$ cat structure-v4.pdb   # PDB, C-alpha atoms and all ligand atoms
ATOM      1  CA  PHE A1240     -22.896  -6.903  -2.777
ATOM      2  CA  ARG A1241     -25.549  -5.317  -0.597
ATOM      3  CA  TYR A1242     -24.371  -3.285   2.337
ATOM      4  CA  ARG A1243     -25.605  -0.616   4.700
ATOM      5  CA  GLU A1244     -22.634   1.427   5.916
ATOM      6  CA  PRO A1245     -19.126   2.142   4.623
ATOM      7  CA  SER A1246     -16.776  -0.015   6.642
ATOM      8  CA  GLU A1247     -14.035   1.437   8.786
ATOM      9  CA  VAL A1248     -10.728  -0.288   9.217
ATOM     10  CA  VAL A1249      -9.256   0.918  12.476
ATOM     11  CA  VAL A1250      -5.553   0.229  12.829
ATOM     12  CA  PRO A1251      -3.870   0.729  16.194
ATOM     13  CA  THR A1252      -0.391   2.236  15.683
ATOM     14  CA  PRO A1253       2.110   3.478  18.282
ATOM     15  CA  ASN A1254       1.103   7.058  17.367
ATOM     16  CA  GLY A1255      -2.561   6.215  17.964
ATOM     17  CA  PRO A1256      -5.345   4.569  16.017
ATOM     18  CA  VAL A1257      -5.671   5.384  12.312
ATOM     19  CA  THR A1258      -8.968   4.758  10.551
ATOM     20  CA  PHE A1259      -9.317   3.935   6.868
ATOM     21  CA  GLY A1260     -12.786   4.777   5.617
ATOM     22  CA  GLN A1261     -15.017   7.035   3.648
ATOM     23  CA  ASN A1262     -15.877   9.338   6.537
ATOM     24  CA  HIS A1263     -12.336   9.704   7.815
ATOM     25  CA  PRO A1264      -9.281  11.776   6.907
ATOM     26  CA  LEU A1265      -7.151  10.629   4.005
ATOM     27  CA  VAL A1266      -4.550   8.103   5.178
ATOM     28  CA  ILE A1267      -1.063   8.427   3.712
ATOM     29  CA  VAL A1268       1.206   5.404   3.379
ATOM     30  CA  ALA A1269       4.747   6.125   2.222
ATOM     31  CA  GLY A1270       8.113   4.441   2.061
ATOM     32  CA  PRO A1271      10.534   2.572  -0.115
ATOM     33  CA  CYS A1272       9.730  -0.359  -2.327
ATOM     34  CA  SER A1273      12.193  -2.512  -0.376
ATOM     35  CA  VAL A1274      13.727  -2.276   3.060
ATOM     36  CA  GLU A1275      17.413  -2.046   2.134
ATOM     37  CA  ASN A1276      19.214  -1.317   5.401
ATOM     38  CA  GLU A1277      18.585   0.175   8.827
ATOM     39  CA  GLU A1278      19.844   3.647   8.006
ATOM     40  CA  MET A1279      17.677   4.121   4.916
ATOM     41  CA  ILE A1280      14.502   2.735   6.426
ATOM     42  CA  VAL A1281      14.793   4.783   9.620
ATOM     43  CA  GLU A1282      15.719   7.914   7.645
ATOM     44  CA  THR A1283      12.749   7.391   5.322
ATOM     45  CA  ALA A1284      10.420   6.718   8.236
ATOM     46  CA  ARG A1285      11.454   9.938   9.988
ATOM     47  CA  GLY A1286      11.118  11.923   6.771
ATOM     48  CA  VAL A1287       7.686  10.664   5.796
ATOM     49  CA  ARG A1288       6.438  11.034   9.346
ATOM     50  CA  ALA A1289       7.600  14.648   9.458
ATOM     51  CA  ALA A1290       5.799  15.268   6.155
ATOM     52  CA  GLY A1291       2.551  13.833   7.546
ATOM     53  CA  ALA A1292       2.333  10.130   6.661
ATOM     54  CA  GLN A1293       0.604   7.768   9.095
ATOM     55  CA  PHE A1294       2.134   4.556   7.770
ATOM     56  CA  LEU A1295       5.546   3.402   6.598
ATOM     57  CA  ARG A1296       5.576   0.892   3.776
ATOM     58  CA  GLY A1297       8.548  -1.251   2.822
ATOM     59  CA  GLY A1298       9.002  -4.720   1.413
ATOM     60  CA  ALA A1299      10.889  -7.470   3.203
ATOM     61  CA  TYR A1300       9.662 -10.210   0.856
ATOM     62  CA  LYS A1301       9.593  -8.904  -2.710
ATOM     63  CA  PRO A1302       7.662 -10.507  -5.567
ATOM     64  CA  ARG A1303      10.085  -9.828  -8.447
ATOM     65  CA  SER A1304       9.476 -10.751 -12.055
ATOM     66  CA  SER A1305      13.026 -12.060 -12.376
ATOM     67  CA  PRO A1306      14.443 -14.626  -9.954
ATOM     68  CA  TYR A1307      17.808 -12.891 -10.385
ATOM     69  CA  ALA A1308      16.494  -9.521  -9.167
ATOM     70  CA  PHE A1309      16.784  -8.448  -5.520
ATOM     71  CA  GLN A1310      14.281 -10.534  -3.580
ATOM     72  CA  GLY A1311      14.187  -8.495  -0.377
ATOM     73  CA  HIS A1312      16.095  -9.110   2.848
ATOM     74  CA  GLY A1313      13.303 -11.233   4.328
ATOM     75  CA  GLU A1314      13.218 -11.758   8.061
ATOM     76  CA  SER A1315      16.054  -9.334   8.838
ATOM     77  CA  ALA A1316      14.120  -6.586   7.002
ATOM     78  CA  LEU A1317      11.127  -7.272   9.244
ATOM     79  CA  GLY A1318      13.382  -6.516  12.205
ATOM     80  CA  LEU A1319      14.400  -3.213  10.595
ATOM     81  CA  LEU A1320      10.757  -2.269  10.050
ATOM     82  CA  GLY A1321      10.254  -2.908  13.751
ATOM     83  CA  LYS A1322      13.090  -0.471  14.501
ATOM     84  CA  ALA A1323      11.581   2.178  12.206
ATOM     85  CA  ARG A1324       8.224   1.687  13.938
ATOM     86  CA  GLU A1325       9.857   2.151  17.313
ATOM     87  CA  ALA A1326      11.760   5.238  16.150
ATOM     88  CA  THR A1327       8.759   7.034  14.645
ATOM     89  CA  GLY A1328       5.551   5.477  15.958
ATOM     90  CA  LEU A1329       4.374   4.976  12.383
ATOM     91  CA  GLY A1330       2.210   1.989  11.538
ATOM     92  CA  ILE A1331       3.915  -0.561   9.297
ATOM     93  CA  ILE A1332       2.586  -2.004   6.050
ATOM     94  CA  THR A1333       4.558  -4.821   4.471
ATOM     95  CA  GLU A1334       3.819  -7.645   2.093
ATOM     96  CA  VAL A1335       3.320 -11.286   2.955
ATOM     97  CA  MET A1336       4.010 -13.588   0.009
ATOM     98  CA  ASP A1337       3.748 -16.982   1.608
ATOM     99  CA  THR A1338       1.417 -18.518   4.188
ATOM    100  CA  ALA A1339       4.490 -19.842   5.991
ATOM    101  CA  ASP A1340       5.657 -16.278   6.722
ATOM    102  CA  LEU A1341       2.349 -14.839   7.920
ATOM    103  CA  GLU A1342       3.034 -15.154  11.621
ATOM    104  CA  LYS A1343       6.356 -13.335  11.525
ATOM    105  CA  VAL A1344       5.099 -10.679   9.083
ATOM    106  CA  ALA A1345       2.008 -10.064  11.204
ATOM    107  CA  ALA A1346       4.195  -9.693  14.299
ATOM    108  CA  VAL A1347       5.701  -6.457  12.917
ATOM    109  CA  ALA A1348       3.091  -5.282  10.398
ATOM    110  CA  ASP A1349       0.104  -3.249  11.508
ATOM    111  CA  VAL A1350      -1.410  -3.968   8.096
ATOM    112  CA  VAL A1351      -0.348  -6.955   5.991
ATOM    113  CA  GLN A1352      -0.200  -6.383   2.259
ATOM    114  CA  ILE A1353      -1.226  -8.968  -0.292
ATOM    115  CA  GLY A1354       0.493  -7.975  -3.495
ATOM    116  CA  ALA A1355      -0.973  -7.796  -6.975
ATOM    117  CA  ARG A1356       0.660 -11.083  -7.957
ATOM    118  CA  ASN A1357      -0.942 -12.892  -5.037
ATOM    119  CA  MET A1358      -4.431 -11.417  -5.310
ATOM    120  CA  GLN A1359      -5.842 -14.828  -6.172
ATOM    121  CA  ASN A1360      -3.588 -16.883  -3.924
ATOM    122  CA  PHE A1361      -6.619 -18.362  -2.207
ATOM    123  CA  SER A1362      -4.758 -20.213   0.521
ATOM    124  CA  LEU A1363      -3.022 -16.962   1.484
ATOM    125  CA  LEU A1364      -6.357 -15.093   1.420
ATOM    126  CA  LYS A1365      -7.967 -17.704   3.670
ATOM    127  CA  LYS A1366      -5.039 -17.652   6.047
ATOM    128  CA  VAL A1367      -5.114 -13.853   6.517
ATOM    129  CA  GLY A1368      -8.879 -14.162   6.668
ATOM    130  CA  ALA A1369      -8.552 -16.423   9.672
ATOM    131  CA  THR A1370      -6.905 -13.567  11.608
ATOM    132  CA  LEU A1371      -8.248 -10.123  12.476
ATOM    133  CA  LYS A1372      -5.135  -8.399  11.129
ATOM    134  CA  PRO A1373      -5.949  -5.519   8.761
ATOM    135  CA  VAL A1374      -5.221  -6.561   5.176
ATOM    136  CA  LEU A1375      -4.317  -4.395   2.191
ATOM    137  CA  LEU A1376      -5.433  -6.268  -0.914
ATOM    138  CA  LYS A1377      -3.867  -5.007  -4.120
ATOM    139  CA  ARG A1378      -5.632  -5.462  -7.399
ATOM    140  CA  GLY A1379      -4.102  -8.146  -9.605
ATOM    141  CA  LEU A1380      -2.210  -7.047 -12.704
ATOM    142  CA  SER A1381      -5.063  -8.081 -14.980
ATOM    143  CA  ALA A1382      -7.843  -8.675 -12.494
ATOM    144  CA  THR A1383     -11.385  -7.611 -13.216
ATOM    145  CA  ILE A1384     -13.238  -5.696 -10.527
ATOM    146  CA  GLU A1385     -15.364  -8.773  -9.909
ATOM    147  CA  GLU A1386     -12.308 -11.000  -9.413
ATOM    148  CA  TRP A1387     -10.794  -8.415  -7.064
ATOM    149  CA  LEU A1388     -13.956  -8.139  -4.986
ATOM    150  CA  MET A1389     -14.254 -11.917  -4.850
ATOM    151  CA  ALA A1390     -10.661 -12.124  -3.614
ATOM    152  CA  ALA A1391     -11.630  -9.633  -0.882
ATOM    153  CA  GLU A1392     -14.659 -11.801  -0.184
ATOM    154  CA  TYR A1393     -12.364 -14.761   0.567
ATOM    155  CA  ILE A1394     -10.845 -12.731   3.401
ATOM    156  CA  LEU A1395     -14.185 -11.413   4.641
ATOM    157  CA  ALA A1396     -15.851 -14.824   4.437
ATOM    158  CA  SER A1397     -13.029 -16.334   6.483
ATOM    159  CA  GLY A1398     -13.961 -13.940   9.300
ATOM    160  CA  ASN A1399     -11.689 -10.928   8.858
ATOM    161  CA  PRO A1400     -13.656  -7.714   8.156
ATOM    162  CA  ASN A1401     -10.534  -5.501   8.049
ATOM    163  CA  VAL A1402      -9.895  -5.283   4.329
ATOM    164  CA  ILE A1403      -8.645  -2.268   2.354
ATOM    165  CA  LEU A1404      -8.630  -2.381  -1.456
ATOM    166  CA  CYS A1405      -5.667  -0.919  -3.344
ATOM    167  CA  GLU A1406      -5.683  -0.027  -7.036
ATOM    168  CA  ARG A1407      -2.100  -0.084  -8.337
ATOM    169  CA  GLY A1408      -2.604   0.095 -12.061
ATOM    170  CA  ILE A1409      -3.602  -2.593 -14.478
ATOM    171  CA  ARG A1410      -1.932  -4.003 -17.512
ATOM    172  CA  THR A1411      -2.890  -2.428 -20.812
ATOM    173  CA  PHE A1412      -1.052  -2.208 -24.144
ATOM    174  CA  ASP A1413       1.393   0.589 -23.336
ATOM    175  CA  ARG A1414       4.379  -0.378 -21.227
ATOM    176  CA  GLN A1415       6.756   2.112 -22.740
ATOM    177  CA  TYR A1416       5.605   5.398 -21.286
ATOM    178  CA  THR A1417       3.726   4.144 -18.246
ATOM    179  CA  ARG A1418       4.388   0.955 -16.288
ATOM    180  CA  ASN A1419       0.675   0.230 -15.851
ATOM    181  CA  THR A1420      -2.549   2.118 -16.451
ATOM    182  CA  LEU A1421      -4.088   3.685 -13.367
ATOM    183  CA  ASP A1422      -7.738   2.717 -13.377
ATOM    184  CA  LEU A1423      -9.098   5.637 -11.389
ATOM    185  CA  SER A1424     -12.624   4.795 -12.425
ATOM    186  CA  VAL A1425     -12.517   2.071  -9.788
ATOM    187  CA  VAL A1426     -13.061   4.698  -7.115
ATOM    188  CA  PRO A1427     -16.664   5.556  -8.035
ATOM    189  CA  VAL A1428     -17.309   2.023  -9.287
ATOM    190  CA  LEU A1429     -16.165   0.420  -6.033
ATOM    191  CA  ARG A1430     -18.163   2.986  -4.083
ATOM    192  CA  SER A1431     -21.279   1.631  -5.710
ATOM    193  CA  LEU A1432     -20.317  -2.012  -5.172
ATOM    194  CA  THR A1433     -18.558  -2.265  -1.840
ATOM    195  CA  HIS A1434     -18.312  -0.752   1.625
ATOM    196  CA  LEU A1435     -14.555  -1.357   1.784
ATOM    197  CA  PRO A1436     -12.018   1.515   2.026
ATOM    198  CA  ILE A1437     -10.178   2.372  -1.192
ATOM    199  CA  MET A1438      -6.473   3.155  -1.549
ATOM    200  CA  ILE A1439      -4.727   4.348  -4.712
ATOM    201  CA  ASP A1440      -1.069   3.605  -5.447
ATOM    202  CA  PRO A1441       0.062   6.037  -8.169
ATOM    203  CA  SER A1442       3.679   4.855  -7.878
ATOM    204  CA  HIS A1443       3.228   1.309  -9.193
ATOM    205  CA  ALA A1444       0.466   2.530 -11.478
ATOM    206  CA  THR A1445       2.614   5.012 -13.412
ATOM    207  CA  GLY A1446       6.129   3.680 -12.833
ATOM    208  CA  PHE A1447       7.658   7.174 -13.015
ATOM    209  CA  SER A1448       8.069   9.592 -10.125
ATOM    210  CA  GLU A1449       7.292  12.604 -12.321
ATOM    211  CA  TYR A1450       3.726  11.355 -12.853
ATOM    212  CA  VAL A1451       3.011  10.477  -9.240
ATOM    213  CA  PRO A1452       1.909  13.928  -7.965
ATOM    214  CA  SER A1453      -0.755  14.525 -10.606
ATOM    215  CA  MET A1454      -2.190  11.029 -10.191
ATOM    216  CA  ALA A1455      -2.156  11.408  -6.390
ATOM    217  CA  MET A1456      -4.181  14.603  -6.770
ATOM    218  CA  ALA A1457      -6.532  12.929  -9.218
ATOM    219  CA  ALA A1458      -7.060  10.060  -6.767
ATOM    220  CA  ILE A1459      -8.105  12.523  -4.078
ATOM    221  CA  ALA A1460     -10.440  14.283  -6.499
ATOM    222  CA  ALA A1461     -11.986  10.909  -7.347
ATOM    223  CA  GLY A1462     -12.648  10.270  -3.661
ATOM    224  CA  ALA A1463      -9.966   7.796  -2.596
ATOM    225  CA  ASP A1464      -9.663   7.115   1.142
ATOM    226  CA  SER A1465      -5.926   6.571   1.163
ATOM    227  CA  LEU A1466      -2.762   6.903  -0.933
ATOM    228  CA  MET A1467       0.339   4.721  -1.123
ATOM    229  CA  ILE A1468       3.447   6.531  -2.341
ATOM    230  CA  GLU A1469       6.904   5.053  -2.845
ATOM    231  CA  VAL A1470       9.626   7.237  -1.323
ATOM    232  CA  HIS A1471      13.374   6.591  -1.234
ATOM    233  CA  PRO A1472      16.175   8.771   0.175
ATOM    234  CA  ASN A1473      18.217   8.154  -2.993
ATOM    235  CA  PRO A1474      16.006   6.804  -5.794
ATOM    236  CA  ALA A1475      18.933   6.510  -8.226
ATOM    237  CA  LYS A1476      20.507   3.913  -5.920
ATOM    238  CA  ALA A1477      17.306   2.039  -4.987
ATOM    239  CA  LEU A1478      17.457  -1.762  -5.166
ATOM    240  CA  SER A1479      13.921  -1.825  -6.599
ATOM    241  CA  ASP A1480      11.479   0.643  -8.153
ATOM    242  CA  GLY A1481      13.856   3.634  -8.057
ATOM    243  CA  PRO A1482      12.375   5.323 -11.161
ATOM    244  CA  GLN A1483       8.944   5.627  -9.558
ATOM    245  CA  SER A1484      10.140   6.651  -6.098
ATOM    246  CA  LEU A1485       9.899  10.228  -4.853
ATOM    247  CA  THR A1486      12.792  11.670  -2.891
ATOM    248  CA  LEU A1487      12.049  12.716   0.678
ATOM    249  CA  GLU A1488      12.005  16.325  -0.521
ATOM    250  CA  GLY A1489       9.670  15.407  -3.368
ATOM    251  CA  PHE A1490       7.326  13.679  -0.949
ATOM    252  CA  GLU A1491       7.331  16.647   1.416
ATOM    253  CA  GLN A1492       6.508  18.931  -1.500
ATOM    254  CA  LEU A1493       3.708  16.616  -2.634
ATOM    255  CA  MET A1494       2.181  16.572   0.846
ATOM    256  CA  LEU A1495       2.092  20.376   0.839
ATOM    257  CA  GLU A1496       0.339  20.298  -2.520
ATOM    258  CA  LEU A1497      -2.171  17.682  -1.381
ATOM    259  CA  ALA A1498      -3.067  19.434   1.854
ATOM    260  CA  PRO A1499      -5.692  21.793   0.403
ATOM    261  CA  LEU A1500      -7.245  18.977  -1.654
ATOM    262  CA  GLY A1501      -7.576  16.183   0.835
ATOM    263  CA  LYS A1502      -9.707  15.409   3.805
ATOM    264  CA  PHE A1503      -6.866  16.270   6.188
ATOM    265  CA  PHE A1504      -8.955  17.259   9.154
TER
HETATM  266  C1  LIG B   1       4.779  -3.165  -3.760
HETATM  267  O1  LIG B   1       3.877  -2.570  -3.157
HETATM  268  O2  LIG B   1       5.985  -2.941  -3.578
HETATM  269  C2  LIG B   1       4.411  -4.130  -4.806
HETATM  270  C3  LIG B   1       5.206  -5.129  -5.138
HETATM  271  O3  LIG B   1       3.230  -3.830  -5.360
HETATM  272  P1  LIG B   1       2.340  -4.648  -6.407
HETATM  273  O4  LIG B   1       2.008  -5.946  -5.747
HETATM  274  O5  LIG B   1       1.176  -3.731  -6.575
HETATM  275  O6  LIG B   1       3.155  -4.811  -7.655
HETATM  276 MN    MN B   2       7.544  -1.339  -5.459
END
$ encode --input "structure-v4.pdb" --output "structure tokens"
Amino acid sequence: FRYREPSEVVVPTPNGPVTFGQNHPLVIVAGPCSVENEEMIVETARGVRAAGAQFLRGGAYKPRSSPYAFQGHGESALGLLGKAREATGLGIITEVMDTADLEKVAAVADVVQIGARNMQNFSLLKKVGATLKPVLLKRGLSATIEEWLMAAEYILASGNPNVILCERGIRTFDRQYTRNTLDLSVVPVLRSLTHLPIMIDPSHATGFSEYVPSMAMAAIAAGADSLMIEVHPNPAKALSDGPQSLTLEGFEQLMLELAPLGKFF
């Protein structure tokens, strides 16, 4: 992994281009785990935009551990993300789970997410690699740094240089008090190994909203380029990942607390 310069992933959004990279302001991605309905996604989009986020996240296709759990609204949710984009100008980040869906996901997403469970889905990596669409590659649940970087390499080697790495917690022995273990050491480690921008997702890493602010601050202190935060207008009623979701008020408060710490210039 020899490289000369940190790479920049420039994403055109309706509100203007946003650049992920070491020498650029911190990029904030916020939104619900799943797109549930038009009202909640547009309300969330407006709220996170007002608080300072550049991107709205929200799942249309959800990789759930149980086949009986809510699987996402699929194509209709993509349409709702399009409406939220139109209403706020925010860039959209949403997950693609299947090569067959890439075209329609990429039509609404400004950045396509490859989830932790698909980090080594090599046909999916090659397919997004064959486009120039910015890709957010989450670290697999139990992936080593080498495996994660090699997964990124599949995308890069297929011709797409626009890759952002996202640490979302790894599996360790405790699942009672934290959902995963946030491996913040990846920030300096990746800095020494790769030119790619680094995002931290404290929501999936901790699994509990009360722990998100401190880990978000720690991620900034470690030097992360971007944060992904789950936000829901009514976490108690969320169809997925309610316990780890901040309310809109909680997110606004967090952004105020992050402002003096981050590279918000
Ligand atoms: C998500 O971002 O909603 C998600 C499913 O994340 P992960 O793939 O990291 O579990
Ligand atoms: Mn989630």
$ resolve_selection --input "structure-v4.pdb" --expression "the PyMOL selection byres (((chain A and resi 1279) around 12) and not hetatm)" --output "PyMOL selection string"
chain A and resi 1270-1278+1280-1287+1297+1316+1319-1320+1322-1323+1470-1474+1476-1478+1486-1487
$ resolve_selection --input "structure-v4.pdb" --expression "the PyMOL selection byres (((chain A and resi 1382) around 10) and not hetatm)" --output "ChimeraX atom specification"
/A:1355-1356,1358-1359,1377-1381,1383-1388,1390,1409-1410
$ residues_near_point --input "structure-v4.pdb" --point "(-15.8, -3.3, 7.0)" --cutoff "8 Å" --atoms "only C-alpha atoms" --output "PyMOL selection string"
chain A and resi 1245-1248+1400-1402+1434-1436
$ closest_atom_pairs --input "structure-v4.pdb" --of "chain A" --to "ligand MN 2 (chain B)" --cutoff "9 Å" --atoms "only C-alpha atoms and all ligand atoms" --output "tab-separated table"
residue	atom	partner	partner_atom	distance
A:Pro1271	CA	B:MN2	MN	7.3
A:Cys1272	CA	B:MN2	MN	3.9
A:Ser1273	CA	B:MN2	MN	7.0
A:Gly1297	CA	B:MN2	MN	8.3
A:Gly1298	CA	B:MN2	MN	7.8
A:Lys1301	CA	B:MN2	MN	8.3
A:Ser1442	CA	B:MN2	MN	7.7
A:His1443	CA	B:MN2	MN	6.3
A:Glu1469	CA	B:MN2	MN	6.9
A:Ser1479	CA	B:MN2	MN	6.5
A:Asp1480	CA	B:MN2	MN	5.2
A:Gly1481	CA	B:MN2	MN	8.4
A:Gln1483	CA	B:MN2	MN	8.2
A:Ser1484	CA	B:MN2	MN	8.4
$ atom_distance --input "structure-v4.pdb" --atom1 "atom O3 of ligand LIG 1 (chain B)" --atom2 "atom CA of A:Ile1468"
10.8 Å
$ residues_around --input "structure-v4.pdb" --residues "A:Ala1458" --least-positions-apart "6" --cutoff "9 Å" --atoms "all atoms listed in the file" --output "number ranges by chain"
A: 1423, 1426, 1438-1441, 1464-1466
$ atom_distance --input "structure-v4.pdb" --atom1 "atom CA of A:Thr1445" --atom2 "atom CA of A:Gln1293"
22.8 Å
$ closest_residue --input "structure-v4.pdb" --among "A:Leu1265, A:Met1336, A:Leu1497, A:Ala1460" --to "ligand LIG 1 (chain B)" --atoms "all atoms listed in the file"
A:Met1336
$ resolve_selection --input "structure-v4.pdb" --expression "the PyMOL selection byres (((chain A and resi 1449) around 10) and not hetatm)" --output "list in words"
Ser1442, Thr1445, Gly1446, Phe1447, Ser1448, Tyr1450, Val1451, Pro1452, Ser1453, Met1454, Pro1482, Gln1483, Ser1484, Leu1485 and Gly1489 of chain A
$ closest_residue --input "structure-v4.pdb" --among "A:Lys1502, A:Arg1430, A:Lys1366, A:Arg1418" --to "ligand LIG 1 (chain B)" --atoms "only C-alpha atoms and all ligand atoms"
A:Arg1418
$ atom_distance --input "structure-v4.pdb" --atom1 "atom CA of A:Leu1376" --atom2 "atom P1 of ligand LIG 1 (chain B)"
9.7 Å
$ closest_residue --input "structure-v4.pdb" --among "A:Val1350, A:Tyr1300, A:Thr1370, A:Phe1490" --to "A:Asp1337" --atoms "all atoms listed in the file"
A:Tyr1300
$ closest_residue --input "structure-v4.pdb" --among "A:Ala1444, A:Leu1329, A:Ala1391, A:Ala1292" --to "ligand LIG 1 (chain B)" --atoms "all atoms listed in the file"
A:Ala1444
$ residues_around --input "structure-v4.pdb" --residues "A:Gly1408" --least-positions-apart "3" --cutoff "6 Å" --atoms "all atoms listed in the file" --output "ChimeraX atom specification"
/A:1419-1422,1444
$ closest_residue --input "structure-v4.pdb" --among "A:Val1266, A:Ile1394, A:Ile1459, A:Ala1339" --to "A:Val1249" --atoms "only C-alpha atoms"
A:Val1266
$ residues_around --input "structure-v4.pdb" --residues "A:Pro1253" --least-positions-apart "2" --cutoff "7 Å" --atoms "only C-alpha atoms" --output "PyMOL selection string"
chain A and resi 1251+1255+1328-1330
$ write_last_selection --input "structure-v4.pdb" --atoms "C-alpha atoms" --output "PDB file, in the coordinates of the input"
ATOM      1  CA  PRO A1251      -3.870   0.729  16.194  1.00  0.00           C
ATOM      2  CA  GLY A1255      -2.561   6.215  17.964  1.00  0.00           C
ATOM      3  CA  GLY A1328       5.551   5.477  15.958  1.00  0.00           C
ATOM      4  CA  LEU A1329       4.374   4.976  12.383  1.00  0.00           C
ATOM      5  CA  GLY A1330       2.210   1.989  11.538  1.00  0.00           C
TER       6      GLY A1330
END
$ build_atoms --input "structure-v4.pdb" --residues "stretch 1247-1258 of chain A" --atoms "N, CA and C atoms" --output "short mmCIF file (atom, residue, chain, number, x, y, z; two decimals), in the frame of the given file"
data_model
loop_
_atom_site.label_atom_id
_atom_site.label_comp_id
_atom_site.auth_asym_id
_atom_site.auth_seq_id
_atom_site.Cartn_x
_atom_site.Cartn_y
_atom_site.Cartn_z
N GLU A 1247 -15.18 0.71 8.25
CA GLU A 1247 -14.04 1.44 8.79
C GLU A 1247 -13.01 0.40 9.18
N VAL A 1248 -11.79 0.60 8.77
CA VAL A 1248 -10.73 -0.29 9.22
C VAL A 1248 -9.86 0.52 10.17
N VAL A 1249 -9.98 0.18 11.44
CA VAL A 1249 -9.26 0.92 12.48
C VAL A 1249 -7.97 0.17 12.78
N VAL A 1250 -6.85 0.87 12.62
CA VAL A 1250 -5.55 0.23 12.83
C VAL A 1250 -4.85 0.89 14.01
N PRO A 1251 -4.63 0.15 15.08
CA PRO A 1251 -3.87 0.73 16.19
C PRO A 1251 -2.40 0.86 15.78
N THR A 1252 -1.83 2.05 15.95
CA THR A 1252 -0.39 2.24 15.68
C THR A 1252 0.20 2.86 16.94
N PRO A 1253 1.53 2.86 17.08
CA PRO A 1253 2.11 3.48 18.28
C PRO A 1253 1.71 4.95 18.42
N ASN A 1254 1.51 5.65 17.30
CA ASN A 1254 1.10 7.06 17.37
C ASN A 1254 -0.40 7.23 17.60
N GLY A 1255 -1.12 6.14 17.75
CA GLY A 1255 -2.56 6.22 17.96
C GLY A 1255 -3.29 5.51 16.84
N PRO A 1256 -4.60 5.29 17.04
CA PRO A 1256 -5.34 4.57 16.02
C PRO A 1256 -5.53 5.40 14.74
N VAL A 1257 -5.44 4.74 13.61
CA VAL A 1257 -5.67 5.38 12.31
C VAL A 1257 -6.82 4.63 11.65
N THR A 1258 -7.80 5.39 11.15
CA THR A 1258 -8.97 4.76 10.55
C THR A 1258 -9.00 4.98 9.04
#
